[in-house]
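Chemist: Okay, here's the structure, questions in a sec.
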Amino acid sequence: MFFPFFLTILPFAPADSLPFAPADSLIAGDEHSLDEVVVVSIPSDRRKRSAKGQVATIDEHLSELSHVNLIRRGSYAWEPVVNNMQTERVATTIDGMKIFYACTDKMDPVTSYVESGNLQSISLNSGLDGNPQATGNIGGSLDLRLRKAGFDGDPFHLTLSAGHEWNGHVQVYGADAAVSRQTLYANAGLFYRHAGDYKTGGGERLPFSQFQKVNAFTNLGVKLTHDDILEGTFIFDRATDVGYPALNMDVAKAQALISSLSFRHQFRHAAWETKAYYNHITHEMDDTQRPDVQIHMDMSGKSWTAGGYSLFTASVRQHDLSVNGDVYYNRLFADMTMYPGGAAPMYMVTWPDVGTLNAGLAVRDKIWLTGGRSFSVSAKMAWQHQKLNNEEGFKALKVFFPQMGDTYHQTTGRIAASYSHPLGPVLLAVGGGWGSRAPTVTEAYGYYLNNTFDQYDYIGNPHLKNESAVELNTQVRWQAGKELTITLDANAFFFSNYIIGQFETRLSPMTVDAEGVKVYGNINHATIANFSLKGEWQLTDWLRWNGSLSYALGRDADSDPLPLIAPWAYATDLVVSVGKWQGRVELKGNARQQKYGRKYGETQARPWAVCNLNAQYVFAPFTLRAGIENVFDKRYATYADWNHIPQKGRNIYLNLTLDL
Ligand SMILES: [Cu+2]
């Protein structure tokens with residue numbers, strides 16, 4: 001869609017800026033610029049921040065975004081869902097770099113391999129109008145934008161932060177420093193988090209909800225000439241002893257190395273950036289801490305990606321143009337060893353070392369018409385070649401699909417257009433598009449992957465067709481003066497060849513206690529639609545109100561509900577700002593999940609509501625934040641809590657940031 005939402009993560013905001021700033025005047029159509037500066041100039045009503053400031057996790061930052069929900073399998077590494085579509089239909093990039101998770105059980109969405117301290121902002125493009133590097137984004141694309149000190153900034157900047165949360169004894173420590181000169185900049189930082197088991201509402205301890213994470217990063221930039229810039233990034237991220245209370249395994253280690261080198265040339269009204277990157281992820285699961293394990297398993301996964309892109313952007317008269325070419329090569333391998341008591345160990349390849357070579361070409365043009373109207377169009381084509389490099393994994397899968405080969409080609413594409421038109425105080429926008437995606441490695445080549453959501457073992461299907469969707473969307477934004485804004489958003493996705501697991505009664509499961517086997521298949525059609533209404537009202541200088549209401553719908557070809565679709569959801573808050581103090585009270589909740597994917601093993605989620613309080617006090621160079629989450633210590637689980645694991649009970653937190 002045409003209004004991407006930006007989420008600014010605190011570090012670069014001045015120390016005295018408050019997280020819930022009042023709305024600026026509305027500027028339509030500031031999207032799709034790849035310039036970091038534009039993020040800061042976004043109207044602040046779309047620049048959302050977490051109440052916990054820099055100490056908040058990436059997941060907490062993500063939850064501030066409209067269109068985003070998070071599937072939770074524990075305290076750590078929540079899976080972002082955009083427009084009620086999960087990882088398979090969402091493209092996530094880090095500064096344009098492709099990165100793929102390494103866990104067959106989705107324990108490590110790529111957002112889990114960065115820290116708040118690494119990022120300047122997270123940008124979300126809803127639907128098919130994705131960012132130039134995004135491929136396979138039907139639901140939307142997320143770009144995690146790295147925080148770079150930049151040239152000619154503060155000569156020296158230091159940020160130190162420390163936080164504590166009483167529920168689960170969460171400790172957070174972060175430090176980062178930046179130097180900036182006319183022709184050189186460098187920033188680097190270190191982040192550490194440690195959490196024990198948390199208590200659910202009512203005070204019960206939830207076993208296996210602990211985690212520990214360390215992250216180090218550096219960004220460097222050099223101006224070779226006045227118009228030529230060389231930039232480099234390095235991130236090391238390592239999570240250990242991560243519990244997943246909703247699953248029957250934990251993670252011993254999840255580690256990522258992320259690196260890039262880019263060269264940018266600036267013209268007078270244009271820029272040309274070329275980046276090369278490499279990232280490597282290792283993931284090791286662990287069930288040795290669990291009681292009552294019938295068959296102990298060793299599972300691990302590996303993912304590495306090398307790639308590059310070259311992006312040319314120009315502003316010519318009324319046009320904002322961009323052309324992007326990208327290519328990446330990704331390798332995914334996962335295996336499992338089972339140790340049935342007494343018998344010989346059993347070895348299985350669950351992802352057969354799939355090499356994916358993908359090249360894409362994307363174009364976009366935004367045309368500014370007279371009278372505040374604008375039109376934008378974007379398109380991308382991508383070509384993909386896949387090879388199954390592991391002989392053992394290939395042969396195992398070939399038993400079920402005798403016709404299958406070890407190489408595959410796919411061509412995917414997307415095209416989207418939107419038009420926005422001001423009518424007095426109302427801004428009306430409509431858009432539409434078509435796009436397709438290739439099956440993921442799990443969907444095409446996964447081998448006996450146990451899904452704890454429906455208790456089935458899943459087998460990939462190499463004969464899957466590409467999935468495609470037509471998207472229609474609209475936004476109506478009504479602004480009464482500077483004080484009141486009401487926004488209505490709606491979109492609908494009409495799928496063909498929707499990919500989902502289908503019952504296969506001829507096969508028996510491998511996992512003890514599994515209900516049966518499912519094989520991925522294309523269903524003729526499916527529909528997902530989203531609706532939201534939001535209000536923002538600056539009542540007085542010191543009082544501000546926000547409210548939102550949303551609903552979504554998902555149906556398969558038989559008009560039965562799809563699983564993991566959000567029920568009616570609401571949120572409302574009041575923000576009081578007096579001098580250097582700011583306080584907020586928030587109420588949010590979901591209605592009962594009336595339509596749920598019973599056919600897909602989903603059970604109904606109950607209604608819930610919680611109240612949160614938080615406050616902030618700025619005494620430069622310090623910022624103190626404190627709050628109480630789930631004030632009334634309610635025991636609850638949302639529809640997105642995997643197997644209905646309960647959320648945190650009452651939680652008091654306190655954090656302090658020093659900005660020098
Ligand atoms: Cu895993």
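The chains in the structure tokens are called A, B, ... from first to last as shown; in each chain the residues are counted from 1, and the ligands are counted from 1 in the order shown.
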Find the spatial neighbours of A:Glu204, counting only C-alpha atoms, within a cut-off of 12 Å - ignore same-chain residues fewer than 3 positions away - and output them as a VMD selection string.
Modeler: chain A and resid 167 to 168 197 to 201 207 633 to 635 646 to 650
Chemist: Could you list the protein, DNA and RNA residues that have any atom within 6 Å of ligand 1, counting only C-alpha atoms and all ligand atoms, and write them as a PyMOL selection string?
Modeler: chain A and resi 103+105+107+285
Chemist: Those same residues - N, CA and C atoms - I'd like them written as a CSV table (one decimal), in the first residue's frame.
Modeler:
```csv
chain,number,residue,atom,x,y,z
A,103,CYS,N,15.8,-21.8,11.4
A,103,CYS,CA,15.1,-22.8,12.2
A,103,CYS,C,13.9,-23.4,11.5
A,105,ASP,N,11.4,-24.7,12.8
A,105,ASP,CA,10.3,-24.5,13.7
A,105,ASP,C,10.0,-23.0,13.9
A,107,MET,N,11.7,-20.6,15.1
A,107,MET,CA,12.1,-20.0,16.4
A,107,MET,C,12.9,-18.8,16.3
A,285,MET,N,19.1,-26.4,18.5
A,285,MET,CA,18.0,-26.6,19.5
A,285,MET,C,18.4,-27.5,20.6
```
Chemist: Out of stretch 63-182 of chain A, which residues get strand (DSSP E) from DSSP, as a PyMOL selection string?
Modeler: chain A and resi 68-71+79-82+90-94+97-98+119-126+140-146+156-165+170-180
Chemist: Please list as a list in words every residue within 6 Å of A:Ala177, counting only C-alpha atoms and excluding residues in the same chain fewer than 2 positions away.
Modeler: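 My reading of the contact set: His157, Leu158, Asn187 and Ala188 of chain A.
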Chemist: Go ahead and write the residues just picked, C-alpha atoms, as an mmCIF file, in the first residue's frame.
Modeler:
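Full text of out-v4.cif as output:
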```cif
data_model
loop_
_atom_site.group_PDB
_atom_site.id
_atom_site.type_symbol
_atom_site.label_atom_id
_atom_site.label_comp_id
_atom_site.auth_asym_id
_atom_site.auth_seq_id
_atom_site.Cartn_x
_atom_site.Cartn_y
_atom_site.Cartn_z
ATOM 1 C CA HIS A 157 28.081 10.997 21.171
ATOM 2 C CA LEU A 158 27.736 8.445 23.919
ATOM 3 C CA ASN A 187 29.696 4.124 15.629
ATOM 4 C CA ALA A 188 29.818 0.979 17.671
#
```
Chemist: What's the 7 Å shell around stretch 594-597 of chain A, counting only C-alpha atoms, without same-chain residues fewer than 3 positions away, as a list in words?
Modeler: Pro561, Leu562, Pro563, Tyr600, Gly601, Glu602, Thr603 and Gln604 of chain A
Chemist: As an exercise, work out the distance from atom CA of A:Gly153 to atom CA of A:Gln133 in Å and give it to one decimal place.
Modeler: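 Calculated distance between atom CA of A:Gly153 and atom CA of A:Gln133 is 28.4 Å.
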Chemist: Please determine, counting only C-alpha atoms, which residue among A:Tyr309, A:Phe622, A:Tyr636, A:Trp568 has the shortest atom-to-atom distance to A:Thr657.
Modeler: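 Smallest distance to A:Thr657 is found for A:Phe622.
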Chemist: Any idea what's packed within 8 Å of A:Trp537, counting only C-alpha atoms, ignoring anything in its chain fewer than 3 positions away? Could you give it as JSON, numbers by chain?
Modeler: {"A": [483, 484, 485, 544, 545, 546]}
Chemist: Could you list, as a list in words, every residue within 6 Å of A:Asn614, counting only C-alpha atoms and ignoring same-chain residues fewer than 4 positions away?
Modeler: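 These residues fall inside the cut-off: Gly583, Arg584, Ala626 and Gly627 of chain A.
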Chemist: Go ahead and save the residues from that selection, with C-alpha atoms, as a PDB file, in the first residue's frame.
Modeler:
```
ATOM      1  CA  GLY A 583       2.568   9.964  31.664  1.00  0.00           C
ATOM      2  CA  ARG A 584       0.317   7.583  29.830  1.00  0.00           C
ATOM      3  CA  ALA A 626       9.088   3.617  34.453  1.00  0.00           C
ATOM      4  CA  GLY A 627       5.898   1.716  34.023  1.00  0.00           C
TER       5      GLY A 627
END
```
Chemist: How many Å lie between atom CA of A:Asp227 and atom CA of A:Phe267, rounded to one decimal?
Modeler: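 Computing it gives 7.2 Å between the two atoms.
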Chemist: Which residues of stretch 516-543 of chain A come within 12 Å of stretch 467-478 of chain A, and what is each one's closest atom pair and distance in Å (one decimal), counting only C-alpha atoms, sorted by chain and residue number, as a Markdown table?
Modeler:
```
| residue | atom | partner | partner_atom | distance |
| --- | --- | --- | --- | --- |
| A:Gly521 | CA | A:Glu467 | CA | 10.3 |
| A:Asn522 | CA | A:Glu467 | CA | 7.6 |
| A:Ile523 | CA | A:Glu467 | CA | 9.3 |
| A:Asn524 | CA | A:Glu467 | CA | 9.7 |
| A:His525 | CA | A:Ala469 | CA | 9.1 |
| A:Ala526 | CA | A:Ala469 | CA | 9.0 |
| A:Thr527 | CA | A:Ala469 | CA | 8.9 |
| A:Ile528 | CA | A:Glu471 | CA | 9.6 |
| A:Ala529 | CA | A:Glu471 | CA | 9.4 |
| A:Asn530 | CA | A:Asn473 | CA | 9.3 |
| A:Phe531 | CA | A:Asn473 | CA | 9.8 |
| A:Ser532 | CA | A:Gln475 | CA | 9.6 |
| A:Leu533 | CA | A:Val476 | CA | 9.6 |
| A:Lys534 | CA | A:Arg477 | CA | 9.4 |
| A:Gly535 | CA | A:Trp478 | CA | 9.5 |
| A:Glu536 | CA | A:Trp478 | CA | 10.6 |
| A:Trp537 | CA | A:Trp478 | CA | 11.9 |
```
Chemist: Which residue, A:Trp166, A:Phe211, A:Phe493, A:Phe191, has the smallest gap to A:Gly140 when you use only C-alpha atoms?
Modeler: A:Phe493
Chemist: So that I can see what lies close to A:Tyr520, please list as a VMD selection string the residues with an atom at most 7 Å from it, counting only C-alpha atoms and leaving out residues fewer than 5 positions away in the same chain.
Modeler: chain A and resid 443 459 to 461 499 to 502
Chemist: Would you save the residues of that selection, restricted to C-alpha atoms, as a PDB file, in the first residue's frame?
Modeler:
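Output (selection37.pdb):
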```
ATOM      1  CA  GLU A 443       6.806 -25.606   1.901  1.00  0.00           C
ATOM      2  CA  ILE A 459       6.172 -32.629   4.483  1.00  0.00           C
ATOM      3  CA  GLY A 460       7.096 -30.199   1.718  1.00  0.00           C
ATOM      4  CA  ASN A 461       5.826 -30.521  -1.824  1.00  0.00           C
ATOM      5  CA  ILE A 499      -0.241 -22.594  -0.007  1.00  0.00           C
ATOM      6  CA  ILE A 500      -1.254 -24.407   3.172  1.00  0.00           C
ATOM      7  CA  GLY A 501      -0.757 -27.852   4.772  1.00  0.00           C
ATOM      8  CA  GLN A 502      -3.290 -30.493   3.701  1.00  0.00           C
TER       9      GLN A 502
END
```
Chemist: Could you tell me, as an NGL selection string, which residues of stretch 300-528 of chain A DSSP assigns to alpha helix (DSSP H) when given the backbone?
Modeler: :A and (391-398 or 441-445)
Chemist: Can you measure atom CA of A:Leu160 to atom CA of A:Leu624 for me? One decimal in Å is fine.
Modeler: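 Separation of atom CA of A:Leu160 and atom CA of A:Leu624: 12.1 Å.
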Chemist: Taking only C-alpha atoms into account, which of A:Glu273, A:Leu574, A:Tyr445, A:His67 comes nearest A:Leu549?
Modeler: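 Of A:Glu273, A:Leu574, A:Tyr445, A:His67, the one nearest A:Leu549 is A:His67, counting only C-alpha atoms.
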Chemist: From the list A:Leu230, A:Ile235, A:Val81, A:Leu397, which residue is nearest A:Ala216 when using only C-alpha atoms?
Modeler: A:Ile235
